[in-house]
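Participant: Handing you a structure now.
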Amino acid sequence: MLAVPLLGLINQYLGFLALIAAIVLVWKDSSWQKGAKVAATIGAMALLGAVLPDPPEKGSAAVAQEDPKGADSTVTSPSPSAAEDDPSPAPKPRPKAEDYRGMRLDEARDKAEAAGFGVGDHNASDDDKSIWMRSNWTVCFQKTGWTWAQMKTIDFGAVQTGTPCPDTDGGAIPWPRMPELTWKTWKSARKEVLALDVVPEEHVRADTAYLNDTLPDEGKYDNWRVCVTDPVEGADATVDTWVTLELTHPENGCPDPRSSGGDKADLPDRDDDGDPDYRDPFPGDRSRNSTFPNGFPDSPDSRGSSSGGGGGGDGDGWNCPRTRWC
């Protein structure tokens with residue numbers, strides 16, 4: 001038992017061997033009582049522990065050890081700073097995929113699945129619309145990746161067809177703005193609205209700027225002028241927008257919104273035949289002929305035949321500077 005610490009001072013391995021031999025001899029061949037054997041075993045272990053060198057501190061750059069032959073050697077272990085400087089393993093590159101941007105979402109999904117991808121999709125804008133009928137959505141963004149089982153995946157960010165793509169996935173839709181169209185012809189104004197590439201053709205409608213005016217047949221008001229637009233200039237134009245252009249005949253001016261209180265104004269209809277003055281044929285208007293036999297309000301035969309009539313008077317006179325016949 002006393003040899004255990006002595007040999008441990010020389011070499012820790014010799015000390016361990018001596019401890020094992022002493023324990024075997026004490027417990028197998030010794031006549032000591034059990035309590036004495038236990039005390040001797042604990043004492044021998046304590047003596048060996050007292051003479052062994054202290055263990056190296058955690059994180060030290062080098063650990064000094066002795067080989068079984070007694071020759072000193074130094075085993076180098078990495079320091080914390082060295083471990084931090086080591087580059088981490090490069091991540092697995094994302095799988096390559098065809099560029100599906102600009103494609104209809106249902107077609108893009110079919111092609112990606114055929115190429116071996118697991119496919120997902122989401123709304124690429126900041127609104128809360130869910131994707132229904134993928135044939136009505138267009139791919140704006142795509143991102144590939146891997147599952148934990150190493151299956152390649154692709155996720156599509158899409159918007160409704162006809163909607164411009166946001167600058168970033170999940171961003172706001174950059175809707176175009178309504179242009180300035182006042183006093184442009186119907187044909188020109190309609191072309192500008194459709195050039196925004198968001199408003200459907202059937203959403204652009206014509207109406208009259210005056211309450212008692214009526215549009216001629218389609219194609220015959222191409223040169224009529226725009227007075228009012230709804231939505232107004234600068235408003236967002238979207239796929240859901242209905243654009244109304246209120247028109248006036250080029251020989252009429254636009255209504256003065258101050259005089260109409262915001263409502264549509266009436267064109268002059270001095271003969272009360274239901275048509276604005278500029279639409280009355282001349283000569284040949286029945287109401288006018290019933291008042292003026294010769295058809296001309298300033299003819300010698302018609303002067304004074306109508307109260308308030310006459311050439312160029314105020315009030316109910318025939319002073320109409322924007323009509324064809326005045």
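In the structure tokens, chains take the letters A, B, ... in the order shown, each chain's residues start at 1, and ligands count up from 1 in the order shown.
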Write out as a ChimeraX atom specification which residues come within 6 Å of stretch 119-131 of chain A when counting only C-alpha atoms, dropping same-chain ones fewer than 6 positions away.
Facilitator: /A:153-159,169-172
Participant: Got a sec: who's within 9 Å of A:Trp137, counting only C-alpha atoms, leaving out chain neighbours fewer than 5 positions off, as a ChimeraX atom specification?
Facilitator: /A:103-106,131-132,158-163
Participant: Skip A:Trp183 itself and residues of its chain fewer than 2 positions away, then list as a list of chain:residue names all residues within 10 Å of it, counting only C-alpha atoms.
Facilitator: A:Glu180, A:Leu181, A:Thr185, A:Trp186, A:Ala189, A:Trp224, A:Arg225, A:Val226, A:Cys227, A:Val228, A:Leu247, A:Thr248, A:Pro250, A:Gly253, A:Cys254
Participant: If you count only C-alpha atoms, which residues fall within 12 Å of A:Ile20, apart from same-chain ones fewer than 2 positions away, as a PyMOL selection string?
Facilitator: chain A and resi 1+3-4+13-18+22-27+41+44-45+48
Participant: Between atom CA of A:Pro93 and atom CA of A:Asp167, what distance in Å does the model show, to one decimal?
Facilitator: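 Going from atom CA of A:Pro93 over to atom CA of A:Asp167, I get 25.1 Å.
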Participant: Check stretch 28-260 of chain A with DSSP on the backbone and list each residue it calls alpha helix (DSSP H), as a ChimeraX atom specification.
Facilitator: /A:28,34-51,80-85,105-114,186-194,257-260
Participant: Please produce an output containing N, CA and C atoms for each residue in the selection, written as a CSV table (one decimal), in the first residue's frame.
Facilitator:
chain,number,residue,atom,x,y,z
A,28,LYS,N,-8.0,-10.1,-1.3
A,28,LYS,CA,-8.0,-11.5,-1.6
A,28,LYS,C,-7.2,-12.3,-0.5
A,34,LYS,N,-13.1,-6.4,7.3
A,34,LYS,CA,-13.7,-5.7,6.1
A,34,LYS,C,-13.5,-4.2,6.3
A,35,GLY,N,-13.7,-3.7,7.5
A,35,GLY,CA,-13.6,-2.2,7.7
A,35,GLY,C,-12.2,-1.8,7.4
A,36,ALA,N,-11.2,-2.6,7.9
A,36,ALA,CA,-9.8,-2.2,7.7
A,36,ALA,C,-9.4,-2.3,6.2
A,37,LYS,N,-10.0,-3.2,5.5
A,37,LYS,CA,-9.7,-3.3,4.0
A,37,LYS,C,-10.3,-2.1,3.3
A,38,VAL,N,-11.5,-1.7,3.7
A,38,VAL,CA,-12.1,-0.5,3.1
A,38,VAL,C,-11.2,0.8,3.3
A,39,ALA,N,-10.8,0.9,4.6
A,39,ALA,CA,-10.0,2.1,5.0
A,39,ALA,C,-8.7,2.1,4.2
A,40,ALA,N,-8.1,0.9,4.1
A,40,ALA,CA,-6.8,0.8,3.4
A,40,ALA,C,-6.9,1.1,1.9
A,41,THR,N,-8.0,0.7,1.3
A,41,THR,CA,-8.3,1.0,-0.1
A,41,THR,C,-8.5,2.5,-0.3
A,42,ILE,N,-9.3,3.1,0.5
A,42,ILE,CA,-9.5,4.5,0.4
A,42,ILE,C,-8.2,5.3,0.6
A,43,GLY,N,-7.4,4.9,1.6
A,43,GLY,CA,-6.2,5.6,1.9
A,43,GLY,C,-5.2,5.5,0.7
A,44,ALA,N,-5.1,4.3,0.1
A,44,ALA,CA,-4.2,4.2,-1.0
A,44,ALA,C,-4.6,5.0,-2.2
A,45,MET,N,-5.9,5.1,-2.4
A,45,MET,CA,-6.4,5.9,-3.5
A,45,MET,C,-6.1,7.4,-3.2
A,46,ALA,N,-6.3,7.8,-2.0
A,46,ALA,CA,-6.1,9.2,-1.6
A,46,ALA,C,-4.6,9.6,-1.8
A,47,LEU,N,-3.7,8.7,-1.3
A,47,LEU,CA,-2.3,8.9,-1.5
A,47,LEU,C,-1.9,9.1,-2.9
A,48,LEU,N,-2.5,8.2,-3.8
A,48,LEU,CA,-2.1,8.3,-5.2
A,48,LEU,C,-2.6,9.6,-5.8
A,49,GLY,N,-3.8,10.0,-5.4
A,49,GLY,CA,-4.4,11.3,-6.0
A,49,GLY,C,-3.6,12.5,-5.5
A,50,ALA,N,-3.0,12.4,-4.3
A,50,ALA,CA,-2.2,13.5,-3.8
A,50,ALA,C,-0.9,13.7,-4.6
A,51,VAL,N,-0.3,12.7,-5.1
A,51,VAL,CA,0.9,12.8,-5.8
A,51,VAL,C,0.8,13.0,-7.3
A,80,PRO,N,-9.1,28.4,-28.4
A,80,PRO,CA,-10.4,29.0,-28.8
A,80,PRO,C,-10.3,29.9,-29.9
A,81,SER,N,-9.3,30.8,-30.0
A,81,SER,CA,-9.2,31.7,-31.1
A,81,SER,C,-8.9,31.1,-32.4
A,82,ALA,N,-8.2,30.0,-32.3
A,82,ALA,CA,-7.9,29.2,-33.6
A,82,ALA,C,-9.2,28.6,-34.1
A,83,ALA,N,-10.0,28.1,-33.1
A,83,ALA,CA,-11.3,27.4,-33.6
A,83,ALA,C,-12.2,28.4,-34.2
A,84,GLU,N,-12.2,29.7,-33.7
A,84,GLU,CA,-13.0,30.7,-34.2
A,84,GLU,C,-12.6,31.1,-35.6
A,85,ASP,N,-11.3,31.1,-35.9
A,85,ASP,CA,-10.8,31.5,-37.2
A,85,ASP,C,-11.0,30.4,-38.3
A,105,LEU,N,-49.0,31.0,-63.4
A,105,LEU,CA,-48.6,30.2,-62.2
A,105,LEU,C,-48.9,28.7,-62.3
A,106,ASP,N,-50.0,28.4,-62.9
A,106,ASP,CA,-50.4,27.0,-63.0
A,106,ASP,C,-49.4,26.3,-64.0
A,107,GLU,N,-49.0,26.9,-65.0
A,107,GLU,CA,-48.0,26.4,-66.0
A,107,GLU,C,-46.6,26.2,-65.3
A,108,ALA,N,-46.2,27.2,-64.6
A,108,ALA,CA,-44.9,27.2,-63.9
A,108,ALA,C,-44.9,26.0,-62.9
A,109,ARG,N,-46.0,25.8,-62.1
A,109,ARG,CA,-46.0,24.7,-61.2
A,109,ARG,C,-45.9,23.4,-61.9
A,110,ASP,N,-46.6,23.2,-63.0
A,110,ASP,CA,-46.6,21.9,-63.7
A,110,ASP,C,-45.1,21.7,-64.2
A,111,LYS,N,-44.5,22.7,-64.8
A,111,LYS,CA,-43.1,22.5,-65.3
A,111,LYS,C,-42.1,22.2,-64.2
A,112,ALA,N,-42.3,22.9,-63.1
A,112,ALA,CA,-41.3,22.7,-61.9
A,112,ALA,C,-41.5,21.3,-61.3
A,113,GLU,N,-42.7,20.8,-61.2
A,113,GLU,CA,-43.0,19.5,-60.7
A,113,GLU,C,-42.4,18.4,-61.7
A,114,ALA,N,-42.6,18.7,-63.0
A,114,ALA,CA,-42.0,17.7,-63.9
A,114,ALA,C,-40.5,17.7,-63.9
A,186,TRP,N,-61.7,61.7,-77.2
A,186,TRP,CA,-62.0,60.4,-76.7
A,186,TRP,C,-61.1,59.4,-77.2
A,187,LYS,N,-60.8,59.4,-78.5
A,187,LYS,CA,-59.9,58.4,-79.0
A,187,LYS,C,-58.5,58.5,-78.4
A,188,SER,N,-58.0,59.7,-78.3
A,188,SER,CA,-56.6,59.8,-77.7
A,188,SER,C,-56.6,59.5,-76.2
A,189,ALA,N,-57.6,59.9,-75.5
A,189,ALA,CA,-57.7,59.7,-74.0
A,189,ALA,C,-57.8,58.2,-73.7
A,190,ARG,N,-58.7,57.6,-74.4
A,190,ARG,CA,-58.9,56.1,-74.2
A,190,ARG,C,-57.6,55.4,-74.5
A,191,LYS,N,-56.9,55.7,-75.5
A,191,LYS,CA,-55.6,55.1,-75.8
A,191,LYS,C,-54.6,55.2,-74.7
A,192,GLU,N,-54.6,56.4,-74.1
A,192,GLU,CA,-53.6,56.6,-73.0
A,192,GLU,C,-54.0,55.8,-71.8
A,193,VAL,N,-55.3,55.6,-71.5
A,193,VAL,CA,-55.7,54.8,-70.3
A,193,VAL,C,-55.3,53.4,-70.6
A,194,LEU,N,-55.6,52.9,-71.8
A,194,LEU,CA,-55.3,51.5,-72.1
A,194,LEU,C,-53.7,51.2,-72.1
A,257,PRO,N,-67.7,73.9,-63.2
A,257,PRO,CA,-68.2,73.2,-62.0
A,257,PRO,C,-68.7,74.1,-60.9
A,258,ARG,N,-68.2,75.4,-61.0
A,258,ARG,CA,-68.7,76.3,-60.0
A,258,ARG,C,-70.1,76.7,-60.1
A,259,SER,N,-70.6,76.8,-61.4
A,259,SER,CA,-72.0,77.2,-61.6
A,259,SER,C,-72.9,76.0,-61.5
A,260,SER,N,-72.4,74.8,-61.6
A,260,SER,CA,-73.3,73.6,-61.5
A,260,SER,C,-73.3,73.0,-60.1
